[in-house]
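Student: File model_5.cif below, mmCIF, C-alpha atoms (C1' of nucleotides):
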```cif
data_start
loop_
_atom_site.label_atom_id
_atom_site.label_comp_id
_atom_site.auth_asym_id
_atom_site.auth_seq_id
_atom_site.Cartn_x
_atom_site.Cartn_y
_atom_site.Cartn_z
CA MET Q 1 -10.85 -14.70 9.39
CA ASP Q 2 -13.46 -15.92 11.80
CA THR Q 3 -11.07 -16.43 14.69
CA ALA Q 4 -8.46 -14.01 15.94
CA PRO Q 5 -5.26 -14.22 13.93
CA ASN Q 6 -2.54 -16.19 15.60
CA GLY Q 7 0.24 -13.76 15.02
CA GLY Q 8 2.37 -13.51 18.10
CA GLY Q 9 1.09 -16.35 20.22
CA GLY Q 10 -1.93 -16.59 22.42
CA GLU Q 11 -4.28 -19.55 22.16
CA GLN Q 12 -2.98 -23.01 21.33
CA PRO Q 13 -2.66 -23.83 17.65
CA ARG Q 14 -3.28 -27.22 16.19
CA TRP Q 15 0.17 -28.76 16.32
CA LEU Q 16 1.44 -30.87 13.48
CA SER Q 17 0.75 -34.59 13.62
CA ASP Q 18 3.70 -36.94 13.56
CA ASP Q 19 3.12 -37.56 9.87
CA GLU Q 20 2.93 -33.87 9.14
CA GLN Q 21 6.10 -33.23 11.07
CA ARG Q 22 7.88 -35.88 9.07
CA VAL Q 23 6.67 -34.35 5.82
CA TRP Q 24 7.64 -30.89 6.95
CA ARG Q 25 11.12 -32.02 7.88
CA ALA Q 26 11.47 -33.84 4.58
CA TYR Q 27 10.35 -30.73 2.75
CA ARG Q 28 12.84 -28.49 4.53
CA HIS Q 29 15.59 -30.99 4.07
CA ALA Q 30 15.05 -31.64 0.37
CA THR Q 31 14.43 -28.04 -0.66
CA THR Q 32 17.50 -26.70 1.10
CA LEU Q 33 19.67 -29.48 -0.26
CA LEU Q 34 18.49 -28.78 -3.78
CA GLU Q 35 18.91 -25.04 -3.49
CA ASP Q 36 22.40 -25.41 -2.08
CA HIS Q 37 23.27 -27.87 -4.79
CA LEU Q 38 22.12 -25.64 -7.63
CA ASP Q 39 23.64 -22.56 -6.08
CA ARG Q 40 26.99 -24.24 -5.96
CA GLN Q 41 26.63 -25.71 -9.41
CA LEU Q 42 25.97 -22.29 -10.90
CA GLN Q 43 28.54 -20.48 -8.84
CA ARG Q 44 31.09 -22.95 -10.12
CA ASP Q 45 30.00 -23.18 -13.76
CA ALA Q 46 28.55 -19.73 -14.40
CA GLY Q 47 30.12 -17.56 -11.74
CA MET Q 48 26.90 -16.39 -10.15
CA PRO Q 49 24.25 -17.50 -7.68
CA HIS Q 50 21.07 -19.19 -8.78
CA ILE Q 51 18.93 -16.09 -8.47
CA TYR Q 52 21.23 -14.04 -10.70
CA TYR Q 53 21.16 -16.77 -13.26
CA GLY Q 54 17.39 -16.62 -13.12
CA LEU Q 55 17.49 -12.92 -13.92
CA LEU Q 56 19.56 -13.54 -17.03
CA VAL Q 57 17.12 -16.24 -18.12
CA GLN Q 58 14.16 -13.90 -17.68
CA LEU Q 59 15.86 -11.20 -19.70
CA SER Q 60 16.82 -13.64 -22.43
CA GLN Q 61 13.16 -14.52 -22.89
CA ALA Q 62 11.86 -10.97 -22.91
CA PRO Q 63 11.23 -9.10 -26.15
CA ARG Q 64 14.43 -7.40 -27.26
CA ARG Q 65 16.06 -8.99 -24.21
CA ARG Q 66 15.03 -6.11 -22.00
CA MET Q 67 12.66 -5.44 -19.15
CA ARG Q 68 11.65 -2.72 -16.77
CA MET Q 69 13.29 -3.15 -13.39
CA THR Q 70 10.04 -3.39 -11.48
CA GLU Q 71 8.64 -5.97 -13.84
CA LEU Q 72 11.79 -8.04 -13.60
CA ALA Q 73 11.72 -7.84 -9.83
CA LYS Q 74 8.11 -8.92 -9.78
CA ASP Q 75 8.72 -11.90 -12.05
CA ALA Q 76 11.74 -12.98 -10.05
CA LYS Q 77 9.91 -12.45 -6.76
CA ILE Q 78 12.54 -10.22 -5.25
CA THR Q 79 12.45 -6.66 -3.97
CA ARG Q 80 13.41 -3.76 -6.18
CA SER Q 81 16.23 -3.01 -3.80
CA ARG Q 82 17.68 -6.45 -4.15
CA LEU Q 83 17.35 -6.23 -7.89
CA SER Q 84 19.21 -2.93 -7.97
CA HIS Q 85 22.16 -4.47 -6.20
CA ALA Q 86 22.03 -7.59 -8.34
CA VAL Q 87 21.93 -5.69 -11.61
CA ALA Q 88 24.79 -3.52 -10.44
CA ARG Q 89 26.82 -6.65 -9.93
CA LEU Q 90 25.83 -8.17 -13.27
CA GLU Q 91 26.64 -4.86 -14.92
CA LYS Q 92 30.17 -5.08 -13.55
CA ASN Q 93 30.45 -8.46 -15.21
CA GLY Q 94 29.27 -6.91 -18.47
CA TRP Q 95 26.36 -9.33 -18.69
CA VAL Q 96 23.60 -6.79 -18.26
CA LEU Q 97 23.31 -3.06 -18.92
CA ARG Q 98 20.83 -0.40 -17.94
CA GLU Q 99 19.20 2.19 -20.14
CA ASP Q 100 16.66 4.89 -19.45
CA CYS Q 101 13.11 3.94 -20.18
CA PRO Q 102 11.89 6.10 -23.06
CA SER Q 103 8.30 6.35 -21.91
CA ASP Q 104 8.81 6.95 -18.19
CA LYS Q 105 11.68 9.06 -16.99
CA ARG Q 106 11.69 7.33 -13.62
CA GLY Q 107 12.17 3.98 -15.25
CA GLN Q 108 15.13 1.87 -16.19
CA ASN Q 109 15.35 -1.02 -18.57
CA ALA Q 110 17.80 -3.77 -17.89
CA TYR Q 111 18.95 -5.65 -20.96
CA LEU Q 112 21.04 -8.71 -21.58
CA THR Q 113 24.27 -8.06 -23.45
CA ASP Q 114 25.76 -10.45 -25.98
CA ALA Q 115 28.32 -11.41 -23.37
CA GLY Q 116 25.50 -12.20 -20.96
CA TYR Q 117 23.76 -14.26 -23.58
CA GLU Q 118 26.95 -16.22 -24.18
CA VAL Q 119 27.35 -17.01 -20.50
CA LEU Q 120 23.81 -18.27 -20.48
CA LYS Q 121 24.28 -20.37 -23.57
CA ARG Q 122 27.41 -21.88 -22.13
CA SER Q 123 26.02 -22.70 -18.71
CA ALA Q 124 22.45 -23.67 -19.53
CA PRO Q 125 23.20 -27.29 -20.48
CA GLY Q 126 24.99 -28.00 -17.23
CA HIS Q 127 22.23 -26.40 -15.27
CA VAL Q 128 19.44 -28.31 -16.97
CA THR Q 129 21.37 -31.48 -16.43
CA ALA Q 130 21.72 -30.69 -12.74
CA VAL Q 131 18.00 -30.04 -12.39
CA ARG Q 132 17.22 -33.22 -14.27
CA GLN Q 133 19.51 -35.38 -12.22
CA ALA Q 134 18.26 -33.97 -8.97
CA LEU Q 135 14.58 -33.91 -9.75
CA PHE Q 136 12.96 -35.07 -12.96
CA ASP Q 137 15.03 -38.17 -13.53
CA ARG Q 138 14.21 -39.39 -10.04
CA LEU Q 139 10.45 -38.88 -10.07
CA SER Q 140 7.85 -40.88 -11.92
CA PRO Q 141 5.66 -38.97 -14.39
CA GLU Q 142 2.82 -39.23 -11.87
CA GLN Q 143 4.97 -37.70 -9.19
CA VAL Q 144 5.97 -34.84 -11.46
CA GLY Q 145 2.30 -34.13 -12.00
CA GLN Q 146 1.57 -34.33 -8.30
CA LEU Q 147 4.45 -32.02 -7.51
CA GLY Q 148 3.22 -29.47 -9.99
CA GLU Q 149 -0.26 -29.49 -8.56
CA ILE Q 150 0.95 -29.27 -4.97
CA MET Q 151 3.21 -26.35 -5.78
CA ARG Q 152 0.38 -24.62 -7.58
CA VAL Q 153 -1.83 -24.90 -4.52
CA MET Q 154 0.92 -23.66 -2.23
CA ALA Q 155 1.65 -20.63 -4.36
CA GLU Q 156 -2.02 -19.81 -4.54
CA GLY Q 157 -2.17 -19.37 -0.80
CA LEU Q 158 0.97 -17.27 -0.61
CA GLN Q 159 0.49 -15.01 -3.57
CA PRO Q 160 1.10 -11.44 -2.46
CA SER Q 161 -2.20 -10.59 -4.05
CA ASP Q 162 -4.31 -7.48 -3.73
CA PRO Q 163 -3.30 -5.94 -0.40
CA ASP Q 164 -6.97 -5.16 0.31
CA ALA Q 165 -7.97 -8.77 -0.22
CA ASP Q 166 -8.23 -9.21 3.52
CA LEU Q 167 -10.38 -6.12 3.86
CA PRO Q 168 -13.59 -6.83 1.98
CA TRP Q 169 -15.37 -4.02 3.86
CA LEU Q 170 -13.21 -1.53 2.01
CA ARG Q 171 -14.22 -2.62 -1.44
CA MET N 1 28.51 -42.48 -14.99
CA ASP N 2 28.33 -44.04 -18.40
CA THR N 3 28.37 -40.75 -20.30
CA ALA N 4 30.76 -37.90 -19.71
CA PRO N 5 29.58 -35.67 -16.88
CA ASN N 6 27.87 -32.56 -18.12
CA GLY N 7 29.56 -30.13 -15.83
CA GLY N 8 30.49 -27.04 -17.71
CA GLY N 9 28.77 -27.52 -21.03
CA GLY N 10 29.65 -29.58 -24.02
CA GLU N 11 27.16 -31.94 -25.57
CA GLN N 12 23.46 -31.12 -25.66
CA PRO N 13 21.50 -32.15 -22.59
CA ARG N 14 17.94 -33.32 -22.67
CA TRP N 15 16.03 -30.08 -22.20
CA LEU N 16 12.97 -29.91 -20.03
CA SER N 17 9.65 -30.61 -21.69
CA ASP N 18 6.99 -27.92 -21.51
CA ASP N 19 5.31 -29.77 -18.68
CA GLU N 20 8.55 -30.12 -16.81
CA GLN N 21 9.31 -26.46 -17.26
CA ARG N 22 5.93 -25.56 -15.86
CA VAL N 23 6.49 -27.78 -12.85
CA TRP N 24 9.96 -26.42 -12.31
CA ARG N 25 8.72 -22.85 -12.40
CA ALA N 26 5.90 -23.71 -10.04
CA TYR N 27 8.37 -25.34 -7.69
CA ARG N 28 10.71 -22.36 -7.68
CA HIS N 29 7.81 -19.98 -7.27
CA ALA N 30 6.10 -21.80 -4.42
CA THR N 31 9.22 -22.65 -2.44
CA THR N 32 10.60 -19.13 -2.53
CA LEU N 33 7.26 -17.63 -1.62
CA LEU N 34 6.96 -19.96 1.35
CA GLU N 35 10.50 -19.38 2.52
CA ASP N 36 10.09 -15.62 2.29
CA HIS N 37 6.80 -15.83 4.08
CA LEU N 38 8.14 -17.85 7.00
CA ASP N 39 11.30 -15.81 7.22
CA ARG N 40 9.28 -12.67 7.60
CA GLN N 41 6.85 -14.27 10.00
CA LEU N 42 9.67 -15.34 12.29
CA GLN N 43 11.65 -12.16 11.94
CA ARG N 44 8.57 -10.28 13.03
CA ASP N 45 7.34 -12.59 15.80
CA ALA N 46 10.56 -14.09 17.10
CA GLY N 47 13.23 -11.63 16.04
CA MET N 48 15.31 -14.05 14.02
CA PRO N 49 15.45 -15.69 10.60
CA HIS N 50 13.96 -19.08 9.96
CA ILE N 51 17.25 -20.92 10.07
CA TYR N 52 18.15 -19.51 13.48
CA TYR N 53 14.77 -20.54 14.77
CA GLY N 54 15.50 -24.01 13.49
CA LEU N 55 18.68 -24.10 15.51
CA LEU N 56 16.82 -23.29 18.70
CA VAL N 57 14.30 -26.01 17.91
CA GLN N 58 17.05 -28.55 17.42
CA LEU N 59 18.69 -27.60 20.67
CA SER N 60 15.41 -27.73 22.53
CA GLN N 61 14.96 -31.33 21.45
CA ALA N 62 18.46 -32.47 22.29
CA PRO N 63 19.29 -34.15 25.59
CA ARG N 64 20.08 -31.50 28.19
CA ARG N 65 19.31 -28.95 25.46
CA ARG N 66 22.85 -29.05 24.20
CA MET N 67 24.74 -30.24 21.16
CA ARG N 68 28.18 -30.29 19.70
CA MET N 69 28.62 -27.58 17.08
CA THR N 70 29.45 -29.96 14.27
CA GLU N 71 26.49 -32.16 15.01
CA LEU N 72 24.17 -29.18 15.10
CA ALA N 73 25.55 -27.92 11.81
CA LYS N 74 25.07 -31.31 10.24
CA ASP N 75 21.48 -31.62 11.41
CA ALA N 76 20.66 -28.12 10.25
CA LYS N 77 22.46 -28.68 6.93
CA ILE N 78 24.64 -25.62 7.24
CA THR N 79 28.39 -25.18 7.28
CA ARG N 80 30.31 -24.96 10.52
CA SER N 81 31.30 -21.46 9.53
CA ARG N 82 27.73 -20.33 9.19
CA LEU N 83 26.86 -21.95 12.45
CA SER N 84 29.67 -20.14 14.24
CA HIS N 85 28.27 -16.81 13.10
CA ALA N 86 24.73 -17.81 13.91
CA VAL N 87 25.56 -18.98 17.42
CA ALA N 88 27.55 -15.81 18.04
CA ARG N 89 24.45 -13.83 17.18
CA LEU N 90 22.13 -15.98 19.28
CA GLU N 91 24.60 -15.69 22.13
CA LYS N 92 24.32 -11.93 21.98
CA ASN N 93 20.57 -12.34 22.36
CA GLY N 94 21.15 -14.52 25.38
CA TRP N 95 19.25 -17.40 23.81
CA VAL N 96 22.16 -19.77 23.42
CA LEU N 97 25.48 -20.16 25.20
CA ARG N 98 28.66 -22.05 24.46
CA GLU N 99 30.63 -24.27 26.79
CA ASP N 100 33.74 -26.34 26.32
CA CYS N 101 33.10 -29.94 25.51
CA PRO N 102 34.35 -32.04 28.42
CA SER N 103 35.43 -35.02 26.36
CA ASP N 104 37.14 -33.24 23.45
CA LYS N 105 39.13 -30.13 24.04
CA ARG N 106 38.59 -28.95 20.48
CA GLY N 107 34.86 -29.10 20.87
CA GLN N 108 32.17 -26.70 21.90
CA ASN N 109 28.67 -27.42 23.05
CA ALA N 110 25.94 -24.95 22.27
CA TYR N 111 23.06 -25.00 24.70
CA LEU N 112 19.69 -23.35 24.84
CA THR N 113 19.22 -20.98 27.76
CA ASP N 114 15.98 -20.53 29.63
CA ALA N 115 15.53 -17.25 27.82
CA GLY N 116 15.96 -19.05 24.52
CA TYR N 117 13.44 -21.65 25.55
CA GLU N 118 10.96 -18.94 26.42
CA VAL N 119 11.34 -17.28 23.03
CA LEU N 120 10.68 -20.62 21.43
CA LYS N 121 7.65 -21.32 23.57
CA ARG N 122 6.26 -17.91 22.78
CA SER N 123 6.77 -18.02 19.04
CA ALA N 124 6.12 -21.68 18.27
CA PRO N 125 2.32 -21.39 18.09
CA GLY N 126 2.43 -18.59 15.56
CA HIS N 127 4.97 -20.46 13.50
CA VAL N 128 3.03 -23.70 13.43
CA THR N 129 -0.04 -21.78 12.45
CA ALA N 130 1.82 -20.13 9.61
CA VAL N 131 3.08 -23.48 8.33
CA ARG N 132 -0.38 -24.94 8.62
CA GLN N 133 -2.09 -22.12 6.79
CA ALA N 134 0.46 -22.12 4.02
CA LEU N 135 0.78 -25.84 3.54
CA PHE N 136 -1.09 -28.49 5.43
CA ASP N 137 -4.48 -26.83 5.52
CA ARG N 138 -4.38 -26.40 1.76
CA LEU N 139 -3.39 -29.92 0.77
CA SER N 140 -5.49 -33.05 0.85
CA PRO N 141 -4.18 -35.91 2.99
CA GLU N 142 -3.21 -37.70 -0.23
CA GLN N 143 -1.22 -34.71 -1.36
CA VAL N 144 0.57 -34.52 1.96
CA GLY N 145 1.59 -38.12 1.51
CA GLN N 146 2.70 -37.51 -2.06
CA LEU N 147 4.71 -34.48 -1.03
CA GLY N 148 6.47 -36.45 1.66
CA GLU N 149 7.42 -39.21 -0.71
CA ILE N 150 8.60 -36.81 -3.41
CA MET N 151 10.76 -34.92 -0.95
CA ARG N 152 12.20 -38.16 0.34
CA VAL N 153 13.24 -39.16 -3.17
CA MET N 154 14.74 -35.76 -3.87
CA ALA N 155 16.79 -35.74 -0.70
CA GLU N 156 18.03 -39.24 -1.43
CA GLY N 157 19.66 -38.04 -4.60
CA LEU N 158 21.23 -35.01 -3.02
CA GLN N 159 22.45 -36.44 0.23
CA PRO N 160 26.08 -35.45 0.73
CA SER N 161 26.74 -39.06 1.49
CA ASP N 162 30.00 -40.91 1.61
CA PRO N 163 32.41 -38.82 -0.46
CA ASP N 164 33.83 -42.00 -1.97
CA ALA N 165 30.42 -43.18 -3.08
CA ASP N 166 31.25 -42.10 -6.61
CA LEU N 167 34.53 -43.98 -6.54
CA PRO N 168 33.66 -47.63 -6.16
CA TRP N 169 37.07 -48.60 -7.51
CA LEU N 170 38.62 -47.21 -4.36
CA ARG N 171 36.64 -49.38 -2.01
"C1'" DG U 1 57.32 -39.81 22.70
"C1'" DA U 2 57.27 -37.78 17.80
"C1'" DC U 3 54.99 -37.67 13.66
"C1'" DC U 4 51.24 -37.03 10.33
"C1'" DG U 5 46.92 -36.79 8.48
"C1'" DT U 6 42.29 -35.57 10.13
"C1'" DT U 7 38.72 -33.16 12.72
"C1'" DT U 8 36.98 -29.06 15.19
"C1'" DG U 9 35.67 -24.57 15.54
"C1'" DT U 10 36.83 -19.76 14.49
"C1'" DT U 11 38.19 -15.84 11.74
"C1'" DC U 12 38.71 -12.83 7.80
"C1'" DA U 13 37.44 -10.71 3.50
"C1'" DA U 14 34.38 -10.67 -0.19
"C1'" DC U 15 29.83 -10.95 -1.39
"C1'" DT U 16 24.68 -10.87 -0.91
"C1'" DT U 17 20.38 -9.55 1.33
"C1'" DT U 18 17.44 -6.59 4.05
"C1'" DC U 19 15.35 -2.49 5.63
"C1'" DA U 20 14.66 2.28 5.93
"C1'" DA U 21 15.27 6.47 3.74
"C1'" DG U 22 15.38 9.49 -0.12
"C1'" DA U 23 15.50 11.79 -4.89
"C1'" DA U 24 12.91 12.07 -8.98
"C1'" DG U 25 9.03 11.66 -11.98
"C1'" DC U 26 4.06 10.54 -12.71
"C1'" DC U 27 -0.85 11.63 -12.38
"C1'" DG U 28 -5.26 13.40 -10.91
"C1'" DT U 29 -7.47 17.39 -9.02
"C1'" DA U 30 -8.41 22.00 -8.11
"C1'" DT Y 1 -0.05 25.86 -12.65
"C1'" DA Y 2 0.47 23.96 -8.10
"C1'" DC Y 3 -0.35 20.54 -4.99
"C1'" DG Y 4 -0.37 15.87 -2.82
"C1'" DG Y 5 -0.21 11.16 -3.08
"C1'" DC Y 6 1.79 7.49 -5.46
"C1'" DT Y 7 5.36 4.77 -8.13
"C1'" DT Y 8 10.14 3.97 -9.59
"C1'" DC Y 9 14.67 3.08 -8.62
"C1'" DT Y 10 18.79 3.83 -5.87
"C1'" DT Y 11 21.56 4.21 -1.77
"C1'" DG Y 12 23.87 3.15 2.67
"C1'" DA Y 13 24.28 0.65 6.76
"C1'" DA Y 14 23.48 -3.45 9.21
"C1'" DA Y 15 22.92 -8.26 9.02
"C1'" DG Y 16 23.82 -12.68 7.11
"C1'" DT Y 17 26.48 -16.02 4.07
"C1'" DT Y 18 30.44 -18.03 1.73
"C1'" DG Y 19 34.92 -20.12 1.10
"C1'" DA Y 20 39.56 -20.24 2.29
"C1'" DA Y 21 42.91 -20.19 5.78
"C1'" DC Y 22 44.23 -21.12 10.47
"C1'" DA Y 23 45.35 -22.80 15.32
"C1'" DA Y 24 44.41 -26.39 18.34
"C1'" DA Y 25 43.49 -31.01 19.52
"C1'" DC Y 26 42.76 -35.83 18.26
"C1'" DG Y 27 44.28 -40.52 17.14
"C1'" DG Y 28 46.74 -44.00 14.99
"C1'" DT Y 29 51.52 -45.51 13.82
"C1'" DC Y 30 56.25 -45.86 14.13
#
```
Here is the file; what I need is its structure written in the form of structure tokens.

Tutor:
Amino acid sequence: MDTAPNGGGGEQPRWLSDDEQRVWRAYRHATTLLEDHLDRQLQRDAGMPHIYYGLLVQLSQAPRRRMRMTELAKDAKITRSRLSHAVARLEKNGWVLREDCPSDKRGQNAYLTDAGYEVLKRSAPGHVTAVRQALFDRLSPEQVGQLGEIMRVMAEGLQPSDPDADLPWLR
Amino acid sequence: MDTAPNGGGGEQPRWLSDDEQRVWRAYRHATTLLEDHLDRQLQRDAGMPHIYYGLLVQLSQAPRRRMRMTELAKDAKITRSRLSHAVARLEKNGWVLREDCPSDKRGQNAYLTDAGYEVLKRSAPGHVTAVRQALFDRLSPEQVGQLGEIMRVMAEGLQPSDPDADLPWLR
DNA sequence: GACCGTTTGTTCAACTTTCAAGAAGCCGTA
DNA sequence: TACGGCTTCTTGAAAGTTGAACAAACGGTC
């Protein structure tokens, strides 16, 4: 950074232009509407929130349907703490189980049970349809491409990358 | 709908293509990263979650800095229940107060106090900077335009519009 | 005026998320 | 082997969210 960070206030920032404000509002509006919509759809049809559903999907795609907790948390972009609670809940449903990791006694593997797989199989079609109706069926192919690129750029800037990335003098 | 709704399963849906899956993952990834980022930024610099900050902003822009609860909930796209809890919390902070609505004895107005306004004034620059750094400074002007249009289309399809909109035969 | 369906805002209980703390195991070094 | 720093996962309490149920007030109709 070549200017002081603008953490808690201080000098004036560049405010958003009218256009930018409109886009920002549209972004907030659309993303929250979609998230609410999918959360409700899955709560209704699969009995769990969107993020839990995502965990089952991840597990279903992993070799032998199992993953280390930390890895799963990283892929799902949630904290280990949150994952612990989530897996505890999914375990109560009988959709996921935990087992000790053979190679690291600290570790746990979460794995998808057959019951969990069935839930997924049953609710996946409805979910895909919901995503399609809300997003892909409404956008032109060009727009889908644009959206992908924009999201890629956004993520790039937010990646919780190397914590020392801001401290080149320590390298 | 000309085909049966695909609510809880049943016939095969059209799955997402590989490209669509990539875009969908990128979307999920980027939007959650950004939301987490801003939530933390505001929790740290303003002492409240993003959505609460949004409520203060709305109030600050309303005439006489006050709004009916239902209207505020609608604008912020949250339930009245959630708003009740949120305002109770903001009231404890002294940033918002409630008053009876003069024209409707059921109603309540929430209004922004001077203290609330100060918090906003103090934390707005840091917030705008965070939004800028994460989004607008990374996208080309064309991309900003594309994003706005895409979000507009998305919201259009998700708008909780007239509840009878799906029932033309009742009109 | 009495009725009835609707709107408004709150409350409760169940659930989810966050944050800080902590127990346990890993690994490099002496 | 013992030590110290790090990683892994869990826990508990506080905070936030959800959905259903509720009392109060509104507003149109008889």

Student: Can you spell out as a list in words the set of residues that the PyMOL selection byres ((chain N) within 7 of (chain Y)) selects in the structure I just provided?

Tutor: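 With the PyMOL selection byres ((chain N) within 7 of (chain Y)) on this model, the match is Arg82, Lys105 and Arg106 of chain N.
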
Student: Suppose you want the space between CA of Gly47 (chain N) and CA of Gln21 (chain Q); what is it in Å?

Tutor: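 Separation of CA of Gly47 (chain N) and CA of Gln21 (chain Q): 23.3 Å.
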
Student: Contacts from chain U to chain Q, 12 Å maximum, all atoms listed in the file: show me the residue list as a ChimeraX atom specification.

Tutor: /U:15-20,23-26

Student: Quick check on the file I pasted: which residues fall under the PyMOL selection byres ((chain Q and resi 120-132) around 9)? Write them as a PyMOL selection string.

Tutor: (chain Q and resi 34+37-38+41-42+45-46+53+56-57+60+115-119+133-138) or (chain N and resi 5-16+24)

Student: Would you write out, as a VMD selection string, every residue that the PyMOL selection byres ((chain N and resi 148-155) around 9) captures in this file?

Tutor: (chain Q and resid 19 to 20 22 to 31 33 to 34 134 to 135 138 to 139 143 to 144 146 to 147) or (chain N and resid 143 to 147 156 to 159)

Student: Which value, in Å to one decimal, gives the distance between CA of Met67 (chain N) and CA of Asn93 (chain N)?

Tutor: 18.4 Å

Student: What is the distance, in Å and to one decimal place, between C1' of DA13 (chain U) and CA of Ile78 (chain Q)?

Tutor: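 According to the coordinates, C1' of DA13 (chain U) and CA of Ile78 (chain Q) are separated by 26.4 Å.
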
Student: With distances taken over all atoms listed in the file, which of Q:Cys101, Q:Leu83, Q:Ala76, Q:Ala88 is nearest to chain N?

Tutor: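 Among the listed residues, Q:Ala76 lies closest to chain N.
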
Student: When distances are computed from all atoms listed in the file, which of Q:Lys77, Q:Asp100, Q:Leu59, Q:Gly94 shows the smallest separation from chain N?

Tutor: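 Comparing Q:Lys77, Q:Asp100, Q:Leu59, Q:Gly94 against chain N, the winner is Q:Lys77.
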
Student: Once 3 Å is added on each side, what are the centre and the three edge lengths, in Å to one decimal, of the axis-aligned box enclosing the listed atoms of region 1-11 of chain Y? Present them as AutoDock Vina command-line options.

Tutor:
```
--center_x 10.6 --center_y 14.5 --center_z -7.2 --size_x 27.9 --size_y 28.8 --size_z 16.9
```

Student: Restricting the calculation to only C-alpha atoms: of N:Thr70, N:Ser103, N:Ser84, N:Gln58, which residue gets closest to chain Q?

Tutor: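 Closest to chain Q of all the choices is N:Gln58.
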
Student: For a quick check of understanding, using only C-alpha atoms, which of Q:Ala62, Q:Met69, Q:Leu90, Q:Ile51 has the smallest distance to chain N?

Tutor: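 Ranked by minimum distance to chain N, first place goes to Q:Ile51.
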